[in-house]
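**Q** Okay, handing you the structure first.
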Amino acid sequence: MFEYTVIRSNRKTLSIIIERDRSVIIRSPQELSDKQIAKEVEKRKRLIESKINSNQKYKNESPPKEFVNGEQFLFLGKYYSLKVEDSDYRKIDFDNVFYVSARNKMVVKHLLFEWYQGKALELLVPRIKYYAKNIGVKCKHIHITNAQYTWGTCTPAGNLNFNWRLIKAPISVIDYIVVHELAHLKIPNHSSEFWNIVAVQLPDYEEAKNWLKEFGYVLEENI
């Protein structure tokens, strides 16, 4: 039998999530007892185990980056080369190539990490505000996180959290995650009403959803 973690909140329905590290997260209403939750898990045991053991969703980790000239890094769905210049000027410049001036590869790694996080915030915030207005919801705080196995989450209070790794994905995929979380501010479950909200904003959302299923592991590769 697999282990699982229970997270209780003011939500109305129980949801079972299989993370990409194969961990099982149970999001439950406050009033459900441990016994009631265990009963629901038992009902879905076969489906949960099939997802845990799926080979499609989980890939082997890629080899660590070396942060040398010519190495490829992903940004908005495309790979771009890194050019390390012989200088101590520590900054990332991007013009279809990642230009960085630093001799220490750990410094290069840190600079790329900061650049990705900054770009994630820069790109996500206006898109969140745009779709929030269209959907008719309000979000209080927007956080860019380093939660490796979760693309986005929302809280009943209207706080939104997004994984900085999303900046590696195509815009259509980023929009799908944004709309998905904003729709949850209206509908906490994945009912037909929820998916109707998503479809109104993104008629082709299934393509982005399928892209994540097939290539989501690529976003989790080391910087």
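By convention here, the chains of the structure tokens are called A, B, ... in the order presented, each chain's residues are numbered starting at 1, and ligands are numbered starting at 1 in the order presented.
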For Tyr99 in chain A, work out the shell of residues within 7 Å, counting only C-alpha atoms and skipping chain neighbours fewer than 3 positions away, then give it as an MDAnalysis selection string.
**A** chainID A and resid 82:84 92:94
**Q** How far is it from CA of Ala208 in chain A to CA of Asn96 in chain A, in Å with one decimal?
**A** 23.8 Å
**Q** Please indicate the distance in Å from CA of Val24 in chain A to CA of Glu40 in chain A, rounded to one decimal place.
**A**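 According to the coordinates, CA of Val24 in chain A and CA of Glu40 in chain A are separated by 13.3 Å.
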**Q** Report, in Å to a single decimal, how far apart CA of Leu182 in chain A and CA of Gly136 in chain A are.
**A**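 Computing it gives 9.2 Å between the two atoms.
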**Q** Would you pick out the contacts of Lys109 in chain A at 12 Å or less, using only C-alpha atoms, so that residues sharing its chain but fewer than 6 positions from it are not included, and give the list as a list of chain:residue names?
**A**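 In the requested format, the answer is A:Pro64, A:Lys65, A:Glu66, A:Phe67, A:Val68, A:Phe73, A:Leu82, A:Val84, A:Arg90, A:Lys91, A:Ile92, A:Phe98, A:Val100, A:Ser101, A:Ala102, A:Arg103, A:Trp115, A:Tyr116, A:Asn222, A:Ile223.
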**Q** For Asn10 in chain A, work out the shell of residues within 10 Å, counting only C-alpha atoms and skipping chain neighbours fewer than 3 positions away, then give it as a ChimeraX atom specification.
**A** /A:13,27-31,155-157,188
**Q** For the residues in the current selection, export C-alpha atoms as a JSON list (two decimals), in the first residue's frame.
**A**
```
[["chain", "number", "residue", "atom", "x", "y", "z"],
["A", 13, "THR", "CA", -14.52, 18.11, -2.22],
["A", 27, "ARG", "CA", -6.53, 17.53, -0.55],
["A", 28, "SER", "CA", -9.47, 17.17, 1.80],
["A", 29, "PRO", "CA", -12.26, 19.26, 3.37],
["A", 30, "GLN", "CA", -11.61, 20.04, 7.03],
["A", 31, "GLU", "CA", -14.56, 17.96, 8.26],
["A", 155, "THR", "CA", -5.62, 29.02, -1.83],
["A", 156, "PRO", "CA", -9.21, 29.81, -0.80],
["A", 157, "ALA", "CA", -7.94, 33.26, 0.23],
["A", 188, "PRO", "CA", -12.53, 24.05, -6.38]]
```
**Q** Check the smallest atom-to-atom distance from each of A:Val173, A:Arg11, A:Pro63, A:Val108 to Asp88 in chain A using only C-alpha atoms, then report the winner.
**A**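 Among the listed residues, the smallest separation from Asp88 in chain A belongs to A:Val108.
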**Q** Would you list the contacts of range 190-195 of chain A as a list in words, taking every protein, DNA or RNA residue within 12 Å and counting only C-alpha atoms, but skipping same-chain residues closer than 5 positions in sequence?
**A**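 The filter keeps Lys12, Thr13, Leu14, Ser15, Ile16, Ile17, Ile135, Tyr176, Val179, His180, Glu181, Leu182, Ala183, His184, Leu185, Val200, Gln201, Leu202, Pro203, Asp204, Tyr205, Glu206 and Lys209 of chain A.
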